[in-house]
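Participant: My structure is in structure.cif, and what it holds is mmCIF, C-alpha atoms:
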data_my_file
loop_
_atom_site.label_atom_id
_atom_site.label_comp_id
_atom_site.auth_asym_id
_atom_site.auth_seq_id
_atom_site.Cartn_x
_atom_site.Cartn_y
_atom_site.Cartn_z
CA VAL W 380 -16.29 2.67 5.67
CA ALA W 381 -13.63 4.81 7.34
CA VAL W 382 -14.00 7.76 4.97
CA TRP W 383 -17.76 8.03 5.25
CA PRO W 384 -17.78 9.72 8.71
CA LEU W 385 -15.26 12.25 7.37
CA ALA W 386 -17.48 12.89 4.33
CA GLN W 387 -20.47 13.53 6.58
CA ARG W 388 -18.62 15.87 8.91
CA PHE W 389 -16.16 17.73 6.66
CA GLY W 390 -16.96 16.77 3.07
CA VAL W 391 -14.49 14.74 1.00
CA GLU W 392 -12.99 15.96 -2.25
CA ARG W 393 -10.59 13.16 -3.11
CA ILE W 394 -9.61 9.67 -1.90
CA ALA W 395 -6.43 7.82 -2.95
CA VAL W 396 -6.24 4.22 -1.74
CA SER W 397 -3.61 1.49 -1.85
CA THR W 398 -4.84 -1.90 -0.69
CA TYR W 399 -3.19 -4.83 1.09
CA GLN W 400 -5.63 -7.63 0.23
CA ALA W 401 -5.72 -11.13 1.64
CA ALA W 402 -6.20 -14.43 -0.14
CA SER W 403 -9.65 -14.71 1.46
CA GLY W 404 -11.16 -12.24 -1.00
CA ALA W 405 -10.49 -14.75 -3.78
CA GLY W 406 -12.18 -17.60 -1.92
CA ALA W 407 -11.31 -20.72 0.03
CA SER W 408 -9.30 -22.30 -2.80
CA ALA W 409 -7.08 -19.23 -2.95
CA MET W 410 -6.46 -19.41 0.80
CA ALA W 411 -5.67 -23.11 0.43
CA GLU W 412 -3.18 -22.41 -2.37
CA LEU W 413 -1.32 -19.89 -0.23
CA GLU W 414 -1.17 -22.39 2.64
CA THR W 415 -0.05 -25.14 0.28
CA GLN W 416 2.76 -22.96 -1.07
CA ALA W 417 3.92 -22.18 2.48
CA LYS W 418 4.06 -25.89 3.23
CA GLU W 419 5.91 -26.58 -0.04
CA TRP W 420 8.40 -23.85 0.86
CA GLY W 421 8.82 -25.51 4.28
CA GLU W 422 9.58 -28.81 2.55
CA GLY W 423 12.33 -27.12 0.54
CA LYS W 424 10.55 -27.09 -2.82
CA LEU W 425 11.71 -24.53 -5.37
CA PRO W 426 9.24 -21.72 -6.22
CA ALA W 427 8.92 -23.07 -9.77
CA ASP W 428 7.48 -26.27 -8.30
CA PHE W 429 4.95 -24.54 -6.02
CA THR W 430 1.24 -25.24 -6.66
CA GLN W 431 0.05 -22.31 -8.79
CA ASP W 432 -3.44 -23.29 -9.94
CA ILE W 433 -5.31 -20.18 -8.81
CA PHE W 434 -3.01 -17.22 -9.30
CA GLY W 435 -0.42 -18.75 -11.63
CA ARG W 436 2.46 -17.39 -9.62
CA GLN W 437 4.34 -17.54 -6.35
CA TYR W 438 2.15 -16.04 -3.62
CA VAL W 439 4.02 -16.96 -0.43
CA TRP W 440 6.75 -14.34 0.25
CA ASN W 441 5.39 -12.25 -2.60
CA CYS W 442 2.81 -9.60 -3.42
CA PHE W 443 1.24 -8.80 -6.77
CA SER W 444 -1.24 -6.54 -8.50
CA HIS W 445 -4.84 -7.70 -7.98
CA ASN W 446 -5.72 -10.65 -10.23
CA SER W 447 -8.82 -9.08 -11.82
CA ASP W 448 -8.73 -8.04 -15.49
CA VAL W 449 -6.94 -4.82 -16.34
CA ASP W 450 -8.63 -2.31 -18.63
CA LEU W 451 -6.21 -1.96 -21.51
CA ALA W 452 -7.07 1.70 -22.09
CA SER W 453 -7.02 3.14 -18.57
CA GLY W 454 -4.69 0.67 -16.84
CA TYR W 455 -7.08 0.29 -13.90
CA ASN W 456 -8.12 -3.25 -13.01
CA GLU W 457 -11.71 -4.31 -12.29
CA GLU W 458 -11.24 -4.37 -8.52
CA GLU W 459 -10.02 -0.77 -8.60
CA THR W 460 -12.82 0.38 -10.92
CA LYS W 461 -15.34 -1.31 -8.62
CA MET W 462 -13.92 0.54 -5.60
CA ILE W 463 -14.06 3.86 -7.44
CA LEU W 464 -17.64 3.39 -8.66
CA GLU W 465 -18.93 1.96 -5.36
CA THR W 466 -17.47 4.85 -3.39
CA LYS W 467 -19.26 7.39 -5.60
CA LYS W 468 -22.46 5.36 -5.26
CA ILE W 469 -22.30 4.91 -1.48
CA PHE W 470 -21.42 8.59 -1.04
CA HIS W 471 -24.24 9.64 -3.42
CA ASP W 472 -21.61 11.91 -4.88
CA GLU W 473 -20.55 11.63 -8.51
CA ASP W 474 -18.02 14.40 -7.98
CA VAL W 475 -15.91 12.74 -5.28
CA ARG W 476 -12.61 11.92 -6.95
CA VAL W 477 -11.22 8.46 -6.23
CA THR W 478 -8.18 6.47 -7.28
CA ALA W 479 -7.14 3.01 -6.12
CA THR W 480 -4.26 0.57 -6.45
CA CYS W 481 -5.24 -2.96 -5.44
CA VAL W 482 -2.53 -5.38 -4.37
CA ARG W 483 -2.65 -8.90 -2.95
CA ILE W 484 -0.28 -9.66 -0.10
CA PRO W 485 0.39 -13.08 1.46
CA VAL W 486 -2.16 -12.78 4.23
CA LEU W 487 -4.87 -15.40 4.67
CA ARG W 488 -7.65 -13.25 6.00
CA ALA W 489 -8.62 -9.56 6.40
CA HIS W 490 -7.84 -6.69 4.07
CA CYS W 491 -5.99 -3.47 4.81
CA GLU W 492 -6.01 -0.11 3.07
CA SER W 493 -3.71 2.89 3.19
CA ILE W 494 -6.08 5.80 2.61
CA ASN W 495 -5.15 9.35 1.71
CA VAL W 496 -8.04 11.81 1.91
CA THR W 497 -8.55 15.42 0.86
CA LEU W 498 -11.29 17.10 2.88
CA LYS W 499 -13.51 19.86 1.50
CA THR W 500 -13.28 21.91 4.69
CA GLN W 501 -10.43 22.29 7.16
CA ALA W 502 -10.32 20.08 10.23
CA THR W 503 -7.92 19.52 13.10
CA GLU W 504 -6.54 16.07 13.82
CA ALA W 505 -8.62 16.00 17.02
CA GLU W 506 -11.80 16.69 15.01
CA VAL W 507 -10.92 13.95 12.52
CA ARG W 508 -10.23 11.57 15.38
CA ASP W 509 -13.55 12.46 17.02
CA ALA W 510 -15.48 11.81 13.81
CA LEU W 511 -13.85 8.40 13.42
CA SER W 512 -14.27 7.46 17.10
CA GLU W 513 -17.98 8.19 17.03
CA ALA W 514 -18.69 6.32 13.78
CA GLU W 515 -20.74 3.13 13.72
CA GLY W 516 -18.78 0.01 12.83
CA LEU W 517 -15.35 1.61 13.32
CA THR W 518 -12.84 0.98 16.11
CA VAL W 519 -9.89 3.33 16.49
CA VAL W 520 -6.66 1.32 17.01
CA ASP W 521 -4.02 4.01 17.16
CA ASP W 522 -1.35 3.88 19.85
CA ARG W 523 1.68 5.85 18.62
CA ALA W 524 3.83 5.24 21.70
CA ALA W 525 3.35 1.45 21.62
CA ASN W 526 3.38 1.26 17.78
CA GLN W 527 0.03 -0.53 17.81
CA PHE W 528 -2.13 0.03 14.76
CA PRO W 529 -4.61 -1.99 12.68
CA GLU W 530 -3.33 -5.40 11.51
CA PRO W 531 -5.06 -8.26 9.68
CA VAL W 532 -4.60 -10.70 12.56
CA LYS W 533 -6.03 -8.24 15.09
CA VAL W 534 -9.23 -7.67 13.11
CA SER W 535 -9.82 -11.24 11.96
CA GLY W 536 -13.22 -12.41 13.11
CA GLU W 537 -14.44 -8.92 14.00
CA TRP W 538 -17.37 -7.12 12.42
CA SER W 539 -15.99 -3.68 13.08
CA THR W 540 -13.32 -2.11 10.89
CA HIS W 541 -10.14 -0.97 12.64
CA VAL W 542 -8.74 2.45 11.78
CA GLY W 543 -5.39 3.86 12.84
CA ARG W 544 -2.28 5.75 11.72
CA ILE W 545 -4.63 8.74 11.81
CA ARG W 546 -2.58 11.84 11.06
CA MET W 547 -2.72 15.06 9.08
CA ASP W 548 -1.04 14.66 5.68
CA ALA W 549 2.16 16.72 5.62
CA SER W 550 1.98 17.01 1.82
CA GLN W 551 -1.40 18.76 1.58
CA LYS W 552 -2.62 22.23 2.52
CA GLU W 553 -3.06 22.63 6.28
CA GLY W 554 -6.12 20.93 7.67
CA VAL W 555 -7.43 19.21 4.55
CA GLY W 556 -5.18 16.15 4.13
CA VAL W 557 -5.76 13.05 6.25
CA GLU W 558 -3.78 9.80 6.22
CA MET W 559 -5.11 6.63 7.80
CA PHE W 560 -4.67 2.85 7.69
CA VAL W 561 -7.64 0.52 8.06
CA ALA W 562 -8.07 -3.22 8.49
CA GLY W 563 -11.30 -5.15 8.07
CA ASP W 564 -12.27 -8.79 7.95
CA GLN W 565 -14.01 -9.70 4.70
CA LEU W 566 -14.54 -6.21 3.43
CA LEU W 567 -17.47 -7.11 1.22
CA LYS W 568 -19.45 -8.47 4.14
CA GLY W 569 -18.40 -5.37 6.04
CA ALA W 570 -19.67 -3.18 3.23
CA ALA W 571 -22.98 -5.04 3.19
CA LEU W 572 -23.36 -4.73 6.93
CA ASN W 573 -22.43 -1.09 6.78
CA ALA W 574 -24.99 -0.41 4.07
CA VAL W 575 -27.60 -1.90 6.37
CA GLN W 576 -26.34 0.19 9.27
CA ILE W 577 -26.44 3.36 7.17
CA ALA W 578 -29.94 2.48 5.98
CA GLU W 579 -31.02 1.95 9.60
CA LEU W 580 -29.63 5.33 10.58
CA VAL W 581 -31.36 7.03 7.67
CA LEU W 582 -34.73 5.36 8.25
CA VAL A 108 14.12 6.26 -8.08
CA ALA A 109 11.02 5.99 -10.26
CA VAL A 110 9.82 9.54 -9.65
CA TRP A 111 13.13 11.23 -10.47
CA PRO A 112 12.81 10.87 -14.27
CA LEU A 113 9.33 12.40 -14.03
CA ALA A 114 10.70 15.27 -11.95
CA GLN A 115 13.38 15.97 -14.55
CA ARG A 116 10.96 15.87 -17.48
CA PHE A 117 7.71 17.32 -16.13
CA GLY A 118 8.43 18.64 -12.63
CA VAL A 119 6.86 17.02 -9.59
CA GLU A 120 4.63 18.88 -7.16
CA ARG A 121 3.55 16.09 -4.80
CA ILE A 122 4.29 12.42 -4.07
CA ALA A 123 2.10 10.15 -1.91
CA VAL A 124 3.60 6.73 -1.22
CA SER A 125 2.38 3.56 0.48
CA THR A 126 5.06 0.92 0.94
CA TYR A 127 5.03 -2.88 0.99
CA GLN A 128 8.32 -3.58 2.79
CA ALA A 129 10.06 -6.90 3.22
CA ALA A 130 11.68 -8.39 6.29
CA SER A 131 15.10 -7.91 4.65
CA GLY A 132 15.10 -4.18 5.44
CA ALA A 133 15.24 -5.07 9.12
CA GLY A 134 18.19 -7.43 8.68
CA ALA A 135 18.98 -11.13 8.57
CA SER A 136 17.53 -11.84 12.02
CA ALA A 137 14.18 -10.36 10.93
CA MET A 138 14.15 -12.57 7.83
CA ALA A 139 14.97 -15.55 10.02
CA GLU A 140 12.12 -14.73 12.41
CA LEU A 141 9.63 -14.61 9.55
CA GLU A 142 10.89 -17.97 8.26
CA THR A 143 10.77 -19.43 11.77
CA GLN A 144 7.16 -18.31 12.21
CA ALA A 145 6.21 -19.91 8.88
CA LYS A 146 7.75 -23.17 10.03
CA GLU A 147 6.02 -22.93 13.42
CA TRP A 148 2.72 -22.32 11.61
CA GLY A 149 3.44 -25.41 9.49
CA GLU A 150 3.98 -27.42 12.65
CA GLY A 151 0.56 -26.35 13.91
CA LYS A 152 1.74 -23.97 16.62
CA LEU A 153 -0.67 -21.27 17.74
CA PRO A 154 0.25 -17.66 16.87
CA ALA A 155 0.69 -16.84 20.58
CA ASP A 156 3.53 -19.39 20.64
CA PHE A 157 5.32 -18.09 17.53
CA THR A 158 8.86 -16.74 18.01
CA GLN A 159 8.45 -12.97 18.31
CA ASP A 160 11.87 -11.69 19.37
CA ILE A 161 12.34 -9.04 16.69
CA PHE A 162 8.97 -7.50 15.96
CA GLY A 163 7.04 -8.67 19.03
CA ARG A 164 4.08 -9.83 16.97
CA GLN A 165 2.84 -12.31 14.40
CA TYR A 166 4.49 -11.51 11.07
CA VAL A 167 3.57 -14.53 8.94
CA TRP A 168 0.07 -14.02 7.40
CA ASN A 169 0.08 -10.47 8.72
CA CYS A 170 1.18 -6.94 7.89
CA PHE A 171 1.85 -4.06 10.25
CA SER A 172 2.91 -0.44 10.38
CA HIS A 173 6.71 -0.06 10.08
CA ASN A 174 8.49 -0.89 13.33
CA SER A 175 10.41 2.41 13.61
CA ASP A 176 9.47 4.90 16.33
CA VAL A 177 6.41 7.04 15.74
CA ASP A 178 6.60 10.78 16.32
CA LEU A 179 3.95 11.40 18.96
CA ALA A 180 3.08 14.86 17.61
CA SER A 181 2.83 14.26 13.86
CA GLY A 182 2.00 10.55 13.80
CA TYR A 183 4.64 9.87 11.14
CA ASN A 184 7.18 7.16 11.93
CA GLU A 185 10.93 7.52 11.41
CA GLU A 186 10.95 5.49 8.21
CA GLU A 187 8.33 7.77 6.69
CA THR A 188 10.09 10.94 7.84
CA LYS A 189 13.33 9.63 6.35
CA MET A 190 11.61 9.00 3.00
CA ILE A 191 10.12 12.49 3.01
CA LEU A 192 13.41 14.23 3.89
CA GLU A 193 15.54 12.12 1.54
CA THR A 194 13.22 12.76 -1.38
CA LYS A 195 13.50 16.52 -0.88
CA LYS A 196 17.27 16.18 -0.59
CA ILE A 197 17.75 13.96 -3.66
CA PHE A 198 15.44 16.20 -5.68
CA HIS A 199 17.27 19.34 -4.44
CA ASP A 200 13.76 20.67 -3.94
CA GLU A 201 12.54 21.74 -0.50
CA ASP A 202 9.13 22.53 -2.01
CA VAL A 203 8.25 19.07 -3.32
CA ARG A 204 5.44 17.83 -1.09
CA VAL A 205 5.75 14.24 0.09
CA THR A 206 3.75 11.92 2.32
CA ALA A 207 4.42 8.27 3.08
CA THR A 208 2.83 5.32 4.86
CA CYS A 209 5.33 2.54 5.55
CA VAL A 210 4.05 -0.98 6.08
CA ARG A 211 5.82 -4.31 6.51
CA ILE A 212 4.33 -7.26 4.67
CA PRO A 213 5.39 -10.93 5.02
CA VAL A 214 7.87 -10.92 2.15
CA LEU A 215 11.46 -12.00 2.73
CA ARG A 216 13.20 -9.80 0.22
CA ALA A 217 12.55 -6.75 -2.01
CA HIS A 218 10.36 -3.76 -1.26
CA CYS A 219 7.40 -2.43 -3.23
CA GLU A 220 5.79 1.00 -3.32
CA SER A 221 2.46 2.27 -4.59
CA ILE A 222 3.28 5.80 -5.75
CA ASN A 223 0.83 8.56 -6.56
CA VAL A 224 2.40 11.58 -8.24
CA THR A 225 1.20 15.08 -9.09
CA LEU A 226 3.19 16.57 -11.98
CA LYS A 227 3.85 20.29 -12.35
CA THR A 228 3.13 20.27 -16.09
CA GLN A 229 0.69 18.16 -18.08
CA ALA A 230 1.89 14.96 -19.71
CA THR A 231 0.31 12.12 -21.64
CA GLU A 232 0.62 8.54 -20.47
CA ALA A 233 2.89 7.86 -23.46
CA GLU A 234 5.21 10.68 -22.41
CA VAL A 235 5.30 9.40 -18.82
CA ARG A 236 6.03 5.90 -20.09
CA ASP A 237 8.82 7.22 -22.34
CA ALA A 238 10.46 9.07 -19.46
CA LEU A 239 10.40 5.94 -17.29
CA SER A 240 11.61 3.64 -20.08
CA GLU A 241 14.62 5.81 -20.81
CA ALA A 242 15.67 6.24 -17.17
CA GLU A 243 18.86 4.68 -15.83
CA GLY A 244 18.33 1.87 -13.32
CA LEU A 245 14.64 1.41 -14.13
CA THR A 246 12.97 -1.47 -15.97
CA VAL A 247 9.35 -1.10 -17.08
CA VAL A 248 7.38 -4.28 -16.20
CA ASP A 249 3.88 -3.40 -17.32
CA ASP A 250 1.84 -5.92 -19.30
CA ARG A 251 -1.85 -5.11 -18.82
CA ALA A 252 -3.17 -7.97 -20.96
CA ALA A 253 -1.13 -10.62 -19.15
CA ASN A 254 -1.53 -8.96 -15.72
CA GLN A 255 2.24 -8.92 -15.26
CA PHE A 256 3.58 -6.12 -13.12
CA PRO A 257 6.42 -5.63 -10.62
CA GLU A 258 6.60 -8.23 -7.83
CA PRO A 259 9.15 -8.82 -5.07
CA VAL A 260 10.13 -12.27 -6.35
CA LYS A 261 10.66 -10.97 -9.90
CA VAL A 262 13.05 -8.22 -8.82
CA SER A 263 14.98 -10.18 -6.18
CA GLY A 264 18.68 -10.18 -7.00
CA GLU A 265 18.37 -7.40 -9.58
CA TRP A 266 20.07 -4.02 -9.41
CA SER A 267 17.42 -2.27 -11.46
CA THR A 268 14.10 -1.17 -10.00
CA HIS A 269 10.97 -2.48 -11.72
CA VAL A 270 8.15 -0.03 -12.44
CA GLY A 271 4.67 -0.88 -13.67
CA ARG A 272 0.94 -0.20 -13.21
CA ILE A 273 1.79 3.05 -15.00
CA ARG A 274 -1.45 4.92 -15.59
CA MET A 275 -2.93 8.39 -15.43
CA ASP A 276 -4.65 9.00 -12.08
CA ALA A 277 -8.41 9.26 -12.65
CA SER A 278 -8.81 11.38 -9.50
CA GLN A 279 -6.56 14.26 -10.51
CA LYS A 280 -6.81 17.00 -13.13
CA GLU A 281 -6.17 15.69 -16.61
CA GLY A 282 -2.53 15.03 -17.40
CA VAL A 283 -0.99 15.75 -14.01
CA GLY A 284 -1.75 12.64 -11.92
CA VAL A 285 0.33 9.50 -12.34
CA GLU A 286 -0.07 6.18 -10.55
CA MET A 287 2.66 3.54 -10.54
CA PHE A 288 3.86 0.51 -8.59
CA VAL A 289 7.55 -0.21 -8.14
CA ALA A 290 9.59 -3.10 -6.78
CA GLY A 291 13.26 -3.02 -5.87
CA ASP A 292 15.66 -5.35 -4.14
CA GLN A 293 17.24 -3.78 -1.07
CA LEU A 294 16.08 -0.25 -1.67
CA LEU A 295 18.84 1.32 0.36
CA LYS A 296 21.53 -0.24 -1.79
CA GLY A 297 19.49 0.83 -4.79
CA ALA A 298 19.42 4.38 -3.49
CA ALA A 299 23.18 4.34 -2.96
CA LEU A 300 23.80 2.98 -6.44
CA ASN A 301 21.41 5.49 -7.90
CA ALA A 302 23.10 8.36 -6.16
CA VAL A 303 26.35 7.24 -7.75
CA GLN A 304 24.66 6.95 -11.14
CA ILE A 305 23.17 10.43 -10.82
CA ALA A 306 26.54 11.80 -9.76
CA GLU A 307 28.16 10.17 -12.79
CA LEU A 308 25.55 11.68 -15.10
CA VAL A 309 26.04 15.12 -13.58
CA LEU A 310 29.86 15.01 -13.66
#
Once more with this new file: its structure as structure tokens, please.
Facilitator:
Amino acid sequence: VAVWPLAQRFGVERIAVSTYQAASGAGASAMAELETQAKEWGEGKLPADFTQDIFGRQYVWNCFSHNSDVDLASGYNEEETKMILETKKIFHDEDVRVTATCVRIPVLRAHCESINVTLKTQATEAEVRDALSEAEGLTVVDDRAANQFPEPVKVSGEWSTHVGRIRMDASQKEGVGVEMFVAGDQLLKGAALNAVQIAELVL
Amino acid sequence: VAVWPLAQRFGVERIAVSTYQAASGAGASAMAELETQAKEWGEGKLPADFTQDIFGRQYVWNCFSHNSDVDLASGYNEEETKMILETKKIFHDEDVRVTATCVRIPVLRAHCESINVTLKTQATEAEVRDALSEAEGLTVVDDRAANQFPEPVKVSGEWSTHVGRIRMDASQKEGVGVEMFVAGDQLLKGAALNAVQIAELVL
């Protein structure tokens, strides 16, 4: 969602993503298990005695690699493979290079992503910021002085995706590397809505 | 810690890191605030009424950009700048290119990092795995079939850093991109210990 406006304006060569995914993506029972564990922790139960029916592990005060199956050959899990394939599909670009690391964190609702982008053509930070500000379905939340950036609790219940921490990547050639951090409530619904929005723009 | 053995064996051109940092890095009062918020949530308090003395925001069921000051010009915060400078220093390599995005997640203890590496020379996954397995202070936790990888609660109380999700990066040229996920208890102490270990190996 947040990379698409950059692809349209500057072209995108490569995307490297690390996710911070909520329990909500795994359904209501997963959210309930996280809440149950928090209550058990509050009652003084030991982690070994926490309810672990869904994920089979401690979730409260913990994070872990996404619970989808891992491809034994490549080491990528299904969630990551899905992200890689869907990005190529949405971008209508088989050549865009994508990698992803999907991680669940103890958040009830809304996913975040740390996104590192390599543009095809040089851009200034102001141009990147403009492209993101003007994009449908995106809200720039990026106040450096006040340290206010996208957070799960800020975006919960919102249709738009929040994007912030927008900055030029110090580790890439000048003008082609972009770092950003996004938060969105129920990313799949967001993706569906966005597909509709893109279709509407195209038609 | 986890990239150093790769730098020694294959050379490292670039490192892109996204962190999953615990409350512990901000001290005992920060850990206490997170615990207090969890208890307040359990009592049915509204987020607006949660104790927010340290971070000034909801921490339980949330994640947020690291609380250090953000450089208004570059957009990097102090924690990220420190990681970038310290990596260059530890590697004795001003040319290694590093970028970092530092995020706090609601975990009490132990930090995690999603690390994307670009090697200077080609390597196979087996060679990368060998280099990591043989490194001092590192434990490979990487069971694809069982979906068991590094987690904060697994590494809590351990001196060694856990490394897993070791795989070749599908988005980079063959043999030079490496993805991994590490977890370490009190990374600063780990860094200090590691510096001593490196010094001992060198002397």
Participant: Please expand the PyMOL selection byres ((chain A) within 8 of (chain W)) into the concrete residues it hits in this file, giving the result as a VMD selection string.
Facilitator: chain A and resid 121 to 123 125 145 to 146 149 165 167 to 172 174 176 to 179 181 to 183 204 to 206 208 212 to 216 221 251 to 252 254 to 260 272 to 279
Participant: Determine the nearest neighbour of Phe117 of chain A from the options A:Asp237, A:Asp156, A:Glu201, A:Glu140, counting all atoms listed in the file.
Facilitator: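 Smallest distance to Phe117 of chain A is found for A:Asp237.
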Participant: Give me the residues within 12 Å of Gln501 of chain W as a list in words, counting only C-alpha atoms and dropping any in the same chain fewer than 5 places off.
Facilitator: Leu385, Arg388, Phe389, Gly390, Val391, Glu392, Val496, Glu506, Val507, Met547, Gln551, Lys552, Glu553, Gly554, Val555, Gly556 and Val557 of chain W
Participant: Put those residues in a file: C-alpha atoms, as a compact mmCIF listing (two decimals), in the coordinates of the input.
Facilitator:
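again12.txt, freshly written:
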# COMPACT_ATOMS: atom_id res chain seq x y z
CA LEU W 385 -15.26 12.25 7.37
CA ARG W 388 -18.62 15.87 8.91
CA PHE W 389 -16.16 17.73 6.66
CA GLY W 390 -16.96 16.77 3.07
CA VAL W 391 -14.49 14.74 1.00
CA GLU W 392 -12.99 15.96 -2.25
CA VAL W 496 -8.04 11.81 1.91
CA GLU W 506 -11.80 16.69 15.01
CA VAL W 507 -10.92 13.95 12.52
CA MET W 547 -2.72 15.06 9.08
CA GLN W 551 -1.40 18.76 1.58
CA LYS W 552 -2.62 22.23 2.52
CA GLU W 553 -3.06 22.63 6.28
CA GLY W 554 -6.12 20.93 7.67
CA VAL W 555 -7.43 19.21 4.55
CA GLY W 556 -5.18 16.15 4.13
CA VAL W 557 -5.76 13.05 6.25
Participant: Report, in Å with one decimal, the straight-line distance from atom CA of Gln293 of chain A to atom CA of Met190 of chain A.
Facilitator: 14.5 Å
Participant: Write out as a VMD selection string which residues come within 9 Å of Phe470 of chain W when counting all atoms listed in the file, dropping same-chain ones fewer than 4 positions away.
Facilitator: chain W and resid 383 386 465 to 466 475
Participant: As an exercise, work out the distance from atom CA of Asp292 of chain A to atom CA of Ala139 of chain A in Å and give it to one decimal place.
Facilitator: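 One can read the atom CA of Asp292 of chain A to atom CA of Ala139 of chain A distance as 17.5 Å.
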Participant: Between atom CA of Glu458 of chain W and atom CA of Ala405 of chain W, what distance in Å does the model show, to one decimal?
Facilitator: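 Here the two named atoms are 11.4 Å from each other.
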Participant: Considering only C-alpha atoms, can you say which of W:Lys424, W:Arg508, W:Lys461, W:His471 comes closest to Val520 of chain W?
Facilitator: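 Looking at the shortest contact to Val520 of chain W, the residue is W:Arg508.
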Participant: If we count all atoms listed in the file and set the cut-off at 8 Å, which residues sit around Val247 of chain A, ignoring sequence neighbours fewer than 2 positions away in its own chain? Please answer as number ranges by chain.
Facilitator: A: 239-240, 245, 249, 269-271
Participant: Taking N, CA, C and O atoms as the atom set, what does segment 404-415 of chain W look like once completed, written as a PDB file, in the coordinates of the input?
Facilitator:
ATOM      1  N   GLY W 404     -10.287 -12.899  -0.049  1.00  0.00           N
ATOM      2  CA  GLY W 404     -11.160 -12.240  -1.000  1.00  0.00           C
ATOM      3  C   GLY W 404     -11.350 -13.041  -2.285  1.00  0.00           C
ATOM      4  O   GLY W 404     -12.328 -12.854  -3.003  1.00  0.00           O
ATOM      5  N   ALA W 405     -10.400 -13.932  -2.570  1.00  0.00           N
ATOM      6  CA  ALA W 405     -10.490 -14.750  -3.780  1.00  0.00           C
ATOM      7  C   ALA W 405     -11.061 -16.139  -3.481  1.00  0.00           C
ATOM      8  O   ALA W 405     -11.075 -17.015  -4.351  1.00  0.00           O
ATOM      9  N   GLY W 406     -11.506 -16.354  -2.253  1.00  0.00           N
ATOM     10  CA  GLY W 406     -12.180 -17.600  -1.920  1.00  0.00           C
ATOM     11  C   GLY W 406     -11.309 -18.620  -1.205  1.00  0.00           C
ATOM     12  O   GLY W 406     -10.099 -18.441  -1.050  1.00  0.00           O
ATOM     13  N   ALA W 407     -11.966 -19.690  -0.787  1.00  0.00           N
ATOM     14  CA  ALA W 407     -11.310 -20.720   0.030  1.00  0.00           C
ATOM     15  C   ALA W 407     -10.175 -21.413  -0.730  1.00  0.00           C
ATOM     16  O   ALA W 407      -9.144 -21.747  -0.146  1.00  0.00           O
ATOM     17  N   SER W 408     -10.352 -21.601  -2.036  1.00  0.00           N
ATOM     18  CA  SER W 408      -9.300 -22.300  -2.800  1.00  0.00           C
ATOM     19  C   SER W 408      -8.043 -21.439  -2.886  1.00  0.00           C
ATOM     20  O   SER W 408      -6.923 -21.956  -2.929  1.00  0.00           O
ATOM     21  N   ALA W 409      -8.232 -20.130  -2.919  1.00  0.00           N
ATOM     22  CA  ALA W 409      -7.080 -19.230  -2.950  1.00  0.00           C
ATOM     23  C   ALA W 409      -6.329 -19.270  -1.623  1.00  0.00           C
ATOM     24  O   ALA W 409      -5.092 -19.288  -1.583  1.00  0.00           O
ATOM     25  N   MET W 410      -7.089 -19.298  -0.521  1.00  0.00           N
ATOM     26  CA  MET W 410      -6.460 -19.410   0.800  1.00  0.00           C
ATOM     27  C   MET W 410      -5.689 -20.732   0.891  1.00  0.00           C
ATOM     28  O   MET W 410      -4.566 -20.781   1.389  1.00  0.00           O
ATOM     29  N   ALA W 411      -6.310 -21.792   0.375  1.00  0.00           N
ATOM     30  CA  ALA W 411      -5.670 -23.110   0.430  1.00  0.00           C
ATOM     31  C   ALA W 411      -4.379 -23.123  -0.390  1.00  0.00           C
ATOM     32  O   ALA W 411      -3.379 -23.722   0.011  1.00  0.00           O
ATOM     33  N   GLU W 412      -4.391 -22.438  -1.539  1.00  0.00           N
ATOM     34  CA  GLU W 412      -3.180 -22.410  -2.370  1.00  0.00           C
ATOM     35  C   GLU W 412      -2.031 -21.696  -1.658  1.00  0.00           C
ATOM     36  O   GLU W 412      -0.878 -22.138  -1.708  1.00  0.00           O
ATOM     37  N   LEU W 413      -2.358 -20.615  -0.979  1.00  0.00           N
ATOM     38  CA  LEU W 413      -1.320 -19.890  -0.230  1.00  0.00           C
ATOM     39  C   LEU W 413      -0.750 -20.778   0.874  1.00  0.00           C
ATOM     40  O   LEU W 413       0.473 -20.861   1.063  1.00  0.00           O
ATOM     41  N   GLU W 414      -1.633 -21.490   1.584  1.00  0.00           N
ATOM     42  CA  GLU W 414      -1.170 -22.390   2.640  1.00  0.00           C
ATOM     43  C   GLU W 414      -0.334 -23.533   2.065  1.00  0.00           C
ATOM     44  O   GLU W 414       0.693 -23.915   2.630  1.00  0.00           O
ATOM     45  N   THR W 415      -0.789 -24.054   0.925  1.00  0.00           N
ATOM     46  CA  THR W 415      -0.050 -25.140   0.280  1.00  0.00           C
ATOM     47  C   THR W 415       1.357 -24.680  -0.106  1.00  0.00           C
ATOM     48  O   THR W 415       2.346 -25.385   0.118  1.00  0.00           O
TER      49      THR W 415
END
